[in-house]
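Read the structure below first, then the notes.
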Amino acid sequence: MLHRAGSQFIKTEIPEGRGAHAAAAPSFNGWQALEADLLQMGAFPEAITRAKNEFDSGKDSVIIELP
């Protein structure tokens with residue numbers, strides 16, 4: 001799940017099979033840093049574009065699945 005707080009983006013990751021207690025939440029200064037991280041993790045460009053559009057439309061959180 002991705003969250004926006006001002007110009008900061010927070011990526012909450014829940015490791016498969018480990019539950020929410022093992023969640024990690026790195027933050028990124030701006031969209032470009034988050035986008036680069038998502039691409040490196042294998043996210044599809046279409047999913048990244050959809051997430052960006054949802055943030056641009058005013059949403060504060062977006063769910064994106066990573067392979």
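Chain identifiers are assigned as A, B, and so on, following the order in which chains appear in the structure tokens; residues are numbered from 1 within each chain, and ligands are numbered from 1 in order of appearance.
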
Alpha helix (DSSP H) residues, from DSSP on the backbone, in chain A, as a PyMOL selection string = chain A and resi 31-40+45-56

task = Enumerate as a PyMOL selection string all residues of chain A assigned to strand (DSSP E) by DSSP on the backbone, naming them with the chain letters and numbers the document uses.
result = chain A and resi 2-5+8-11+27-29+61-62

message = Quick one: residues within 10 Å of A:Ala5, only C-alpha atoms, excluding same-chain residues fewer than 2 positions away - as a PyMOL selection string?
response = chain A and resi 3+7-10+27+60-61

Could those residues be written to a file, using N, CA and C atoms, as a JSON list (two decimals), in the first residue's frame?
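The result, written out as selection.json:
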[["chain", "number", "residue", "atom", "x", "y", "z"],
["A", 3, "HIS", "N", 1.08, 5.44, 0.55],
["A", 3, "HIS", "CA", 0.41, 6.55, 1.21],
["A", 3, "HIS", "C", 1.14, 7.84, 0.84],
["A", 7, "SER", "N", 4.54, 15.97, 0.40],
["A", 7, "SER", "CA", 5.39, 15.54, -0.72],
["A", 7, "SER", "C", 6.09, 14.22, -0.44],
["A", 8, "GLN", "N", 5.82, 13.62, 0.73],
["A", 8, "GLN", "CA", 6.39, 12.33, 1.11],
["A", 8, "GLN", "C", 5.46, 11.19, 0.68],
["A", 9, "PHE", "N", 6.07, 10.10, 0.25],
["A", 9, "PHE", "CA", 5.32, 8.89, -0.07],
["A", 9, "PHE", "C", 5.84, 7.77, 0.81],
["A", 10, "ILE", "N", 4.94, 6.99, 1.37],
["A", 10, "ILE", "CA", 5.29, 5.90, 2.27],
["A", 10, "ILE", "C", 4.79, 4.60, 1.66],
["A", 27, "SER", "N", 10.02, 5.46, 3.50],
["A", 27, "SER", "CA", 9.43, 6.67, 2.93],
["A", 27, "SER", "C", 10.34, 7.23, 1.84],
["A", 60, "ASP", "N", -5.24, 9.72, -0.91],
["A", 60, "ASP", "CA", -4.10, 9.72, -0.01],
["A", 60, "ASP", "C", -3.43, 8.36, 0.09],
["A", 61, "SER", "N", -4.12, 7.30, -0.38],
["A", 61, "SER", "CA", -3.52, 5.97, -0.34],
["A", 61, "SER", "C", -3.97, 5.17, -1.56]]

query = Taking into account only C-alpha atoms, which residue in the set A:Glu13, A:Asp56, A:Pro67, A:Pro26 is nearest to A:Leu39?
reply =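 For A:Leu39, the nearest of the candidates is A:Pro67.
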
Long-range neighbours of A:Gly58 as a list in words, 12 Å cut-off, only C-alpha atoms, 4 positions minimum in chain = His3, Arg4, Ala5, Gly6, Ala51, Lys52, Asn53, Glu54 and Val62 of chain A

Can you write out the residues you just picked, keeping C-alpha atoms, as a PDB file, in the first residue's frame?
ATOM      1  CA  HIS A   3       0.411   6.555   1.212  1.00  0.00           C
ATOM      2  CA  ARG A   4       0.995  10.241   0.532  1.00  0.00           C
ATOM      3  CA  ALA A   5       1.719  12.779   3.254  1.00  0.00           C
ATOM      4  CA  GLY A   6       2.438  16.113   1.595  1.00  0.00           C
ATOM      5  CA  ALA A  51      -1.156   4.783  -8.814  1.00  0.00           C
ATOM      6  CA  LYS A  52       0.202   8.184  -9.898  1.00  0.00           C
ATOM      7  CA  ASN A  53      -3.145   9.071 -11.492  1.00  0.00           C
ATOM      8  CA  GLU A  54      -4.984   8.123  -8.305  1.00  0.00           C
ATOM      9  CA  VAL A  62      -3.303   3.492  -3.193  1.00  0.00           C
TER      10      VAL A  62
END

task = Would you kindly return, as a list in words, each protein, DNA or RNA residue with an atom no farther than 12 Å from any atom of A:Pro45, considering only C-alpha atoms and excluding same-chain residues fewer than 6 positions away?
result =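 After dropping sequence-adjacent residues, the list is Glu35, Ala36, Asp37, Leu38, Leu39, Ala51, Lys52, Ile64, Glu65 and Leu66 of chain A.
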
Export N, CA and C atoms of the chosen residues as a compact mmCIF listing (two decimals), in the first residue's frame?
# COMPACT_ATOMS: atom_id res chain seq x y z
N GLU A 35 8.77 6.00 -7.54
CA GLU A 35 8.63 5.34 -8.84
C GLU A 35 9.87 4.51 -9.17
N ALA A 36 11.06 5.05 -8.93
CA ALA A 36 12.30 4.31 -9.19
C ALA A 36 12.35 3.04 -8.34
N ASP A 37 11.94 3.14 -7.08
CA ASP A 37 11.93 1.98 -6.20
C ASP A 37 10.95 0.92 -6.68
N LEU A 38 9.76 1.36 -7.08
CA LEU A 38 8.74 0.42 -7.57
C LEU A 38 9.22 -0.30 -8.82
N LEU A 39 9.84 0.44 -9.74
CA LEU A 39 10.37 -0.18 -10.96
C LEU A 39 11.44 -1.20 -10.62
N ALA A 51 -1.35 4.26 -10.16
CA ALA A 51 -1.16 4.78 -8.81
C ALA A 51 -0.91 6.29 -8.85
N LYS A 52 -0.08 6.74 -9.77
CA LYS A 52 0.20 8.18 -9.90
C LYS A 52 -1.07 8.94 -10.22
N ILE A 64 -1.02 -1.18 -4.56
CA ILE A 64 -0.34 -1.66 -5.75
C ILE A 64 0.30 -2.99 -5.38
N GLU A 65 0.11 -3.98 -6.23
CA GLU A 65 0.70 -5.30 -5.97
C GLU A 65 2.01 -5.42 -6.71
N LEU A 66 2.99 -5.97 -6.02
CA LEU A 66 4.30 -6.19 -6.62
C LEU A 66 4.47 -7.68 -6.89

Separation of atom CA of A:Lys11 from atom CA of A:Leu34 in Å = 8.1 Å

ask   = Quick one: distance from atom CA of A:Arg50 to atom CA of A:Leu2 in Å, one decimal?
value =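 Separating atom CA of A:Arg50 from atom CA of A:Leu2 is a distance of 12.1 Å.
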
query = Do you have the atom CA of A:Ala33-atom CA of A:Ser57 distance handy?
reply =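 Interatomic distance, atom CA of A:Ala33 to atom CA of A:Ser57: 19.7 Å.
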